[in-house]
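Undergrad: A single structure is presented below for examination.
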Amino acid sequence: MSSSLVADVQDLMSLLEWGQPAFTIVDVRDRYTYNHGHITGAISIPLDDLESRAKSALHKERQIYVYGEHEAHAAHAAQILRGAGFTDVSEIKGGLTAWKTIGGATEGV
């Protein structure tokens with residue numbers, strides 16, 4: 001069993017500051033929660049839809065960062081993605097809360 005990769009929000013912000021990143025941020029919370037605030041640029045694929053939508057919505061050659069309601073939510077999402085053949089998947093440690101704490105850009109109502 002492979003160990004889970006966890007990304008630190010500081011590292012993620014550094015990558016974004018370097019310009020056009022070759023990665024995708026996926027928010028696996030429900031659509032209502034996503035609409036009320038998410039990391040800028042994150043795409044919404046609710047956890048329940050992740051398995052069915054991942055292959056059509058995501059590129060296998062890109063690095064994928066996931067976050068959800070809590071760490072277990074993100075870990076489950078990462079497990080689903082790895083099971084679907086995505087090899088470069090990391091969970092965003094602390095999710096949206098950690099991202100906001102360091103002043104990361106967010107959007108939503």
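Chain labels run A, B, ... following the order of the structure tokens; each chain numbers its residues from 1, and ligands are numbered from 1 in the order shown.
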For A:Lys100, work out the shell of residues within 12 Å, counting only C-alpha atoms and skipping chain neighbours fewer than 4 positions away, then give it as a list of chain:residue names.

TA: A:Val9, A:Gln10, A:Met13, A:Gly37, A:His38, A:Ile39, A:Thr40, A:Gly94, A:Gly95, A:Leu96, A:Gly104, A:Ala105, A:Thr106, A:Glu107

Undergrad: Those same residues, written as a compact mmCIF listing (two decimals), in the first residue's frame with N, CA, C and O atoms?

TA:
# COMPACT_ATOMS: atom_id res chain seq x y z
N VAL A 9 0.20 23.83 2.16
CA VAL A 9 -0.37 24.98 1.46
C VAL A 9 0.70 26.00 1.06
O VAL A 9 0.58 26.64 0.01
N GLN A 10 1.74 26.15 1.86
CA GLN A 10 2.83 27.08 1.51
C GLN A 10 3.50 26.65 0.21
O GLN A 10 3.80 27.48 -0.65
N MET A 13 1.17 27.38 -2.71
CA MET A 13 1.15 28.80 -3.03
C MET A 13 2.42 29.20 -3.79
O MET A 13 2.35 29.97 -4.74
N GLY A 37 -17.33 29.24 -1.30
CA GLY A 37 -15.93 29.56 -1.05
C GLY A 37 -15.03 28.40 -1.38
O GLY A 37 -15.24 27.29 -0.89
N HIS A 38 -14.04 28.66 -2.24
CA HIS A 38 -13.08 27.63 -2.61
C HIS A 38 -11.77 28.28 -3.04
O HIS A 38 -11.72 29.48 -3.27
N ILE A 39 -10.72 27.48 -3.12
CA ILE A 39 -9.43 27.97 -3.58
C ILE A 39 -9.59 28.45 -5.02
O ILE A 39 -10.19 27.76 -5.85
N THR A 40 -9.10 29.65 -5.30
CA THR A 40 -9.21 30.20 -6.65
C THR A 40 -8.62 29.23 -7.66
O THR A 40 -7.50 28.75 -7.48
N GLY A 94 -4.82 20.44 5.55
CA GLY A 94 -5.60 21.52 6.16
C GLY A 94 -6.66 22.10 5.26
O GLY A 94 -7.47 22.92 5.69
N GLY A 95 -6.66 21.72 3.99
CA GLY A 95 -7.69 22.15 3.05
C GLY A 95 -7.86 23.65 2.94
O GLY A 95 -6.91 24.42 3.05
N LEU A 96 -9.10 24.05 2.75
CA LEU A 96 -9.42 25.46 2.54
C LEU A 96 -9.07 26.32 3.75
O LEU A 96 -8.59 27.44 3.60
N GLY A 104 -4.17 32.65 1.03
CA GLY A 104 -4.35 32.15 -0.32
C GLY A 104 -5.64 32.73 -0.94
O GLY A 104 -6.60 32.98 -0.25
N ALA A 105 -5.61 32.93 -2.24
CA ALA A 105 -6.75 33.51 -2.95
C ALA A 105 -7.92 32.53 -2.98
O ALA A 105 -7.74 31.34 -3.23
N THR A 106 -9.10 33.06 -2.70
CA THR A 106 -10.32 32.26 -2.74
C THR A 106 -11.36 32.99 -3.57
O THR A 106 -11.27 34.21 -3.78
N GLU A 107 -12.36 32.24 -4.02
CA GLU A 107 -13.48 32.86 -4.71
C GLU A 107 -14.76 32.16 -4.25
O GLU A 107 -14.70 31.05 -3.69

Undergrad: Please provide as a PyMOL selection string all residues within 8 Å of A:Val89, with the sequence filter that same-chain residues fewer than 3 positions apart are discarded (counting only C-alpha atoms).

TA: chain A and resi 5+63-66+78+81-82+86

Undergrad: What does the file look like for those residues with C-alpha atoms, as a PDB file, in the first residue's frame?

TA:
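Written file, selection.pdb:
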ATOM      1  CA  LEU A   5       1.135  12.273  -0.361  1.00  0.00           C
ATOM      2  CA  GLN A  63      -0.304  16.796 -10.867  1.00  0.00           C
ATOM      3  CA  ILE A  64      -3.585  16.765  -8.930  1.00  0.00           C
ATOM      4  CA  TYR A  65      -4.164  18.331  -5.520  1.00  0.00           C
ATOM      5  CA  VAL A  66      -7.377  17.489  -3.672  1.00  0.00           C
ATOM      6  CA  ALA A  78      -6.985  10.708  -3.381  1.00  0.00           C
ATOM      7  CA  LEU A  81      -8.147   8.991  -8.042  1.00  0.00           C
ATOM      8  CA  ARG A  82      -5.194   6.643  -7.587  1.00  0.00           C
ATOM      9  CA  PHE A  86      -3.973   8.922 -11.601  1.00  0.00           C
TER      10      PHE A  86
END

Undergrad: I want to know what sits within 9 Å of stretch 27-31 of chain A, based on only C-alpha atoms, with residues of the same chain fewer than 2 positions away left out; could you give that as an mmCIF file with all heavy atoms, in the first residue's frame?

TA:
data_model
loop_
_atom_site.group_PDB
_atom_site.id
_atom_site.type_symbol
_atom_site.label_atom_id
_atom_site.label_comp_id
_atom_site.auth_asym_id
_atom_site.auth_seq_id
_atom_site.Cartn_x
_atom_site.Cartn_y
_atom_site.Cartn_z
ATOM 1 N N ILE A 25 -6.257 21.668 -9.108
ATOM 2 C CA ILE A 25 -6.755 21.593 -7.736
ATOM 3 C C ILE A 25 -8.218 21.156 -7.813
ATOM 4 O O ILE A 25 -9.011 21.762 -8.541
ATOM 5 C CB ILE A 25 -6.640 22.949 -7.011
ATOM 6 C CG1 ILE A 25 -5.186 23.406 -6.954
ATOM 7 C CG2 ILE A 25 -7.239 22.855 -5.608
ATOM 8 C CD1 ILE A 25 -4.995 24.824 -6.427
ATOM 9 N N THR A 33 -21.368 23.938 -1.026
ATOM 10 C CA THR A 33 -20.239 24.363 -0.192
ATOM 11 C C THR A 33 -19.161 25.002 -1.063
ATOM 12 O O THR A 33 -18.605 26.053 -0.729
ATOM 13 C CB THR A 33 -19.667 23.160 0.584
ATOM 14 O OG1 THR A 33 -20.738 22.517 1.276
ATOM 15 C CG2 THR A 33 -18.620 23.591 1.595
ATOM 16 N N TYR A 34 -18.878 24.386 -2.207
ATOM 17 C CA TYR A 34 -17.896 24.917 -3.164
ATOM 18 C C TYR A 34 -18.285 26.335 -3.584
ATOM 19 O O TYR A 34 -17.442 27.236 -3.603
ATOM 20 C CB TYR A 34 -17.828 23.982 -4.380
ATOM 21 C CG TYR A 34 -17.037 24.520 -5.544
ATOM 22 C CD1 TYR A 34 -15.655 24.318 -5.620
ATOM 23 C CD2 TYR A 34 -17.652 25.204 -6.588
ATOM 24 C CE1 TYR A 34 -14.916 24.791 -6.695
ATOM 25 C CE2 TYR A 34 -16.924 25.682 -7.659
ATOM 26 C CZ TYR A 34 -15.559 25.482 -7.712
ATOM 27 O OH TYR A 34 -14.831 25.957 -8.782
ATOM 28 N N ASN A 35 -19.555 26.527 -3.927
ATOM 29 C CA ASN A 35 -20.021 27.842 -4.393
ATOM 30 C C ASN A 35 -19.868 28.927 -3.332
ATOM 31 O O ASN A 35 -19.754 30.099 -3.665
ATOM 32 C CB ASN A 35 -21.486 27.769 -4.833
ATOM 33 C CG ASN A 35 -21.661 27.045 -6.145
ATOM 34 O OD1 ASN A 35 -20.718 26.880 -6.916
ATOM 35 N ND2 ASN A 35 -22.873 26.581 -6.398
ATOM 36 N N HIS A 36 -19.831 28.534 -2.055
ATOM 37 C CA HIS A 36 -19.709 29.513 -0.981
ATOM 38 C C HIS A 36 -18.267 29.801 -0.581
ATOM 39 O O HIS A 36 -18.023 30.535 0.363
ATOM 40 C CB HIS A 36 -20.553 29.083 0.225
ATOM 41 C CG HIS A 36 -21.988 29.432 0.020
ATOM 42 N ND1 HIS A 36 -22.818 28.679 -0.769
ATOM 43 C CD2 HIS A 36 -22.717 30.478 0.455
ATOM 44 C CE1 HIS A 36 -24.008 29.252 -0.802
ATOM 45 N NE2 HIS A 36 -23.982 30.346 -0.065
ATOM 46 N N HIS A 38 -14.041 28.663 -2.239
ATOM 47 C CA HIS A 38 -13.082 27.627 -2.612
ATOM 48 C C HIS A 38 -11.771 28.281 -3.038
ATOM 49 O O HIS A 38 -11.720 29.483 -3.274
ATOM 50 C CB HIS A 38 -13.637 26.741 -3.739
ATOM 51 C CG HIS A 38 -14.058 27.522 -4.960
ATOM 52 N ND1 HIS A 38 -15.339 28.013 -5.125
ATOM 53 C CD2 HIS A 38 -13.353 27.903 -6.040
ATOM 54 C CE1 HIS A 38 -15.400 28.666 -6.274
ATOM 55 N NE2 HIS A 38 -14.211 28.623 -6.841
ATOM 56 N N ILE A 39 -10.725 27.477 -3.121
ATOM 57 C CA ILE A 39 -9.427 27.974 -3.583
ATOM 58 C C ILE A 39 -9.590 28.451 -5.021
ATOM 59 O O ILE A 39 -10.189 27.761 -5.852
ATOM 60 C CB ILE A 39 -8.361 26.860 -3.498
ATOM 61 C CG1 ILE A 39 -8.109 26.488 -2.028
ATOM 62 C CG2 ILE A 39 -7.067 27.289 -4.186
ATOM 63 C CD1 ILE A 39 -7.181 25.297 -1.832
ATOM 64 N N ALA A 42 -9.758 26.246 -8.318
ATOM 65 C CA ALA A 42 -10.100 24.850 -8.039
ATOM 66 C C ALA A 42 -11.333 24.454 -8.839
ATOM 67 O O ALA A 42 -12.229 25.265 -9.043
ATOM 68 C CB ALA A 42 -10.374 24.653 -6.551
ATOM 69 N N ILE A 43 -11.361 23.212 -9.296
ATOM 70 C CA ILE A 43 -12.547 22.725 -9.973
ATOM 71 C C ILE A 43 -13.363 21.888 -9.004
ATOM 72 O O ILE A 43 -12.819 21.252 -8.113
ATOM 73 C CB ILE A 43 -12.221 21.937 -11.263
ATOM 74 C CG1 ILE A 43 -11.404 20.677 -10.975
ATOM 75 C CG2 ILE A 43 -11.529 22.827 -12.282
ATOM 76 C CD1 ILE A 43 -11.277 19.758 -12.174
ATOM 77 N N SER A 44 -14.673 21.917 -9.190
ATOM 78 C CA SER A 44 -15.577 21.202 -8.297
ATOM 79 C C SER A 44 -15.948 19.854 -8.891
ATOM 80 O O SER A 44 -16.532 19.789 -9.974
ATOM 81 C CB SER A 44 -16.845 22.032 -8.082
ATOM 82 O OG SER A 44 -17.809 21.279 -7.370
ATOM 83 N N ILE A 45 -15.564 18.800 -8.192
ATOM 84 C CA ILE A 45 -16.058 17.464 -8.504
ATOM 85 C C ILE A 45 -16.417 16.833 -7.162
ATOM 86 O O ILE A 45 -15.541 16.346 -6.449
ATOM 87 C CB ILE A 45 -15.021 16.579 -9.245
ATOM 88 C CG1 ILE A 45 -14.457 17.269 -10.483
ATOM 89 C CG2 ILE A 45 -15.667 15.237 -9.625
ATOM 90 C CD1 ILE A 45 -13.413 16.450 -11.240
ATOM 91 N N PRO A 46 -17.709 16.880 -6.797
ATOM 92 C CA PRO A 46 -18.113 16.312 -5.505
ATOM 93 C C PRO A 46 -17.648 14.863 -5.360
ATOM 94 O O PRO A 46 -17.603 14.119 -6.346
ATOM 95 C CB PRO A 46 -19.635 16.422 -5.533
ATOM 96 C CG PRO A 46 -19.898 17.585 -6.446
ATOM 97 C CD PRO A 46 -18.839 17.480 -7.504
ATOM 98 N N LEU A 47 -17.298 14.486 -4.144
ATOM 99 C CA LEU A 47 -16.747 13.161 -3.865
ATOM 100 C C LEU A 47 -17.605 12.043 -4.460
ATOM 101 O O LEU A 47 -17.080 11.092 -5.025
ATOM 102 C CB LEU A 47 -16.576 12.980 -2.354
ATOM 103 C CG LEU A 47 -15.775 11.766 -1.890
ATOM 104 C CD1 LEU A 47 -14.369 11.757 -2.484
ATOM 105 C CD2 LEU A 47 -15.700 11.734 -0.385
ATOM 106 N N ASP A 48 -18.931 12.185 -4.367
ATOM 107 C CA ASP A 48 -19.830 11.149 -4.888
ATOM 108 C C ASP A 48 -19.715 10.973 -6.405
ATOM 109 O O ASP A 48 -20.037 9.918 -6.937
ATOM 110 C CB ASP A 48 -21.293 11.466 -4.531
ATOM 111 C CG ASP A 48 -21.544 11.366 -3.030
ATOM 112 O OD1 ASP A 48 -20.712 10.762 -2.311
ATOM 113 O OD2 ASP A 48 -22.561 11.899 -2.576
ATOM 114 N N ASP A 49 -19.287 12.030 -7.103
ATOM 115 C CA ASP A 49 -19.182 11.988 -8.566
ATOM 116 C C ASP A 49 -17.750 11.737 -9.049
ATOM 117 O O ASP A 49 -17.520 11.590 -10.252
ATOM 118 C CB ASP A 49 -19.627 13.335 -9.178
ATOM 119 C CG ASP A 49 -21.053 13.694 -8.798
ATOM 120 O OD1 ASP A 49 -21.836 12.774 -8.510
ATOM 121 O OD2 ASP A 49 -21.368 14.895 -8.791
ATOM 122 N N LEU A 50 -16.813 11.723 -8.115
ATOM 123 C CA LEU A 50 -15.403 11.704 -8.489
ATOM 124 C C LEU A 50 -15.033 10.512 -9.362
ATOM 125 O O LEU A 50 -14.389 10.670 -10.393
ATOM 126 C CB LEU A 50 -14.526 11.743 -7.235
ATOM 127 C CG LEU A 50 -13.038 11.983 -7.454
ATOM 128 C CD1 LEU A 50 -12.782 13.299 -8.188
ATOM 129 C CD2 LEU A 50 -12.296 12.002 -6.123
ATOM 130 N N TYR A 65 -4.069 18.048 -6.953
ATOM 131 C CA TYR A 65 -4.164 18.331 -5.520
ATOM 132 C C TYR A 65 -5.631 18.310 -5.141
ATOM 133 O O TYR A 65 -6.452 18.936 -5.817
ATOM 134 C CB TYR A 65 -3.581 19.708 -5.203
ATOM 135 C CG TYR A 65 -2.092 19.790 -5.388
ATOM 136 C CD1 TYR A 65 -1.542 20.194 -6.606
ATOM 137 C CD2 TYR A 65 -1.226 19.445 -4.355
ATOM 138 C CE1 TYR A 65 -0.169 20.260 -6.779
ATOM 139 C CE2 TYR A 65 0.151 19.509 -4.525
ATOM 140 C CZ TYR A 65 0.658 19.916 -5.734
ATOM 141 O OH TYR A 65 2.020 19.975 -5.902
ATOM 142 N N VAL A 66 -5.976 17.583 -4.082
ATOM 143 C CA VAL A 66 -7.377 17.489 -3.672
ATOM 144 C C VAL A 66 -7.572 17.994 -2.247
ATOM 145 O O VAL A 66 -6.672 17.911 -1.420
ATOM 146 C CB VAL A 66 -7.922 16.037 -3.764
ATOM 147 C CG1 VAL A 66 -7.969 15.568 -5.203
ATOM 148 C CG2 VAL A 66 -7.135 15.076 -2.914
ATOM 149 N N TYR A 67 -8.755 18.531 -2.000
ATOM 150 C CA TYR A 67 -9.139 18.863 -0.632
ATOM 151 C C TYR A 67 -10.643 18.704 -0.502
ATOM 152 O O TYR A 67 -11.382 18.732 -1.489
ATOM 153 C CB TYR A 67 -8.696 20.272 -0.229
ATOM 154 C CG TYR A 67 -9.430 21.409 -0.885
ATOM 155 C CD1 TYR A 67 -10.481 22.048 -0.239
ATOM 156 C CD2 TYR A 67 -9.060 21.872 -2.152
ATOM 157 C CE1 TYR A 67 -11.142 23.113 -0.827
ATOM 158 C CE2 TYR A 67 -9.713 22.926 -2.751
ATOM 159 C CZ TYR A 67 -10.754 23.540 -2.089
ATOM 160 O OH TYR A 67 -11.422 24.590 -2.678
ATOM 161 N N GLY A 68 -11.087 18.470 0.733
ATOM 162 C CA GLY A 68 -12.506 18.269 1.004
ATOM 163 C C GLY A 68 -12.893 18.923 2.311
ATOM 164 O O GLY A 68 -12.245 19.862 2.756
ATOM 165 N N GLU A 69 -13.953 18.387 2.931
ATOM 166 C CA GLU A 69 -14.429 18.925 4.207
ATOM 167 C C GLU A 69 -13.385 18.774 5.306
ATOM 168 O O GLU A 69 -13.265 19.600 6.189
ATOM 169 C CB GLU A 69 -15.689 18.183 4.658
ATOM 170 C CG GLU A 69 -16.907 18.443 3.807
ATOM 171 C CD GLU A 69 -17.460 19.853 3.966
ATOM 172 O OE1 GLU A 69 -17.127 20.539 4.937
ATOM 173 O OE2 GLU A 69 -18.225 20.252 3.080
ATOM 174 N N HIS A 73 -11.777 13.073 4.170
ATOM 175 C CA HIS A 73 -12.490 13.320 2.915
ATOM 176 C C HIS A 73 -11.468 13.407 1.773
ATOM 177 O O HIS A 73 -11.642 12.785 0.711
ATOM 178 C CB HIS A 73 -13.227 14.663 3.094
ATOM 179 C CG HIS A 73 -14.443 14.826 2.253
ATOM 180 N ND1 HIS A 73 -14.818 16.046 1.764
ATOM 181 C CD2 HIS A 73 -15.379 13.955 1.831
ATOM 182 C CE1 HIS A 73 -15.935 15.923 1.077
ATOM 183 N NE2 HIS A 73 -16.299 14.655 1.106
ATOM 184 N N ALA A 74 -10.414 14.191 1.981
ATOM 185 C CA ALA A 74 -9.369 14.356 0.970
ATOM 186 C C ALA A 74 -8.626 13.041 0.729
ATOM 187 O O ALA A 74 -8.308 12.697 -0.409
ATOM 188 C CB ALA A 74 -8.390 15.453 1.400
ATOM 189 N N ALA A 77 -10.725 10.827 -1.433
ATOM 190 C CA ALA A 77 -10.699 11.325 -2.810
ATOM 191 C C ALA A 77 -9.402 10.918 -3.505
ATOM 192 O O ALA A 77 -9.411 10.469 -4.652
ATOM 193 C CB ALA A 77 -10.858 12.841 -2.821
#

Undergrad: Work out how far atom CA of A:Gln79 is from atom CA of A:His59, in Å to one decimal.

TA: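 So the two atoms, atom CA of A:His59 and atom CA of A:Gln79, lie 16.4 Å apart.
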
Undergrad: As a VMD selection string, please: every residue in stretch 3-101 of chain A that DSSP puts in alpha helix (DSSP H).

TA: chain A and resid 9 to 17 31 to 35 47 to 57 71 to 83 95 to 101

Undergrad: As a list of chain:residue names, please: every residue in chain A that a backbone DSSP assignment puts in strand (DSSP E).

TA: A:Val6, A:Ala7, A:Phe23, A:Thr24, A:Ile25, A:Val26, A:Asp27, A:His38, A:Ile39, A:Ile43, A:Ser44, A:Gln63, A:Ile64, A:Tyr65, A:Val66, A:Tyr67, A:Val89, A:Ser90, A:Glu91, A:Ile92, A:Thr106, A:Glu107

Undergrad: Name the residues in contact with A:Gly85 at a cut-off of 9 Å, using only C-alpha atoms, excluding same-chain residues fewer than 5 positions from it; report them as a VMD selection string.

TA: chain A and resid 55 60 80

Undergrad: A:Thr97, A:Ala72, A:Ala84, A:Tyr32: which is nearest A:Val109, counting only C-alpha atoms?

TA: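 The closest residue to A:Val109 is A:Tyr32.
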
Undergrad: Measuring between only C-alpha atoms, which one of A:Glu51, A:Ile102, A:Val26, A:Leu58 shows the shortest distance to A:Asp11?

TA: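 With only C-alpha atoms as the atom set, the closest residue is A:Ile102.
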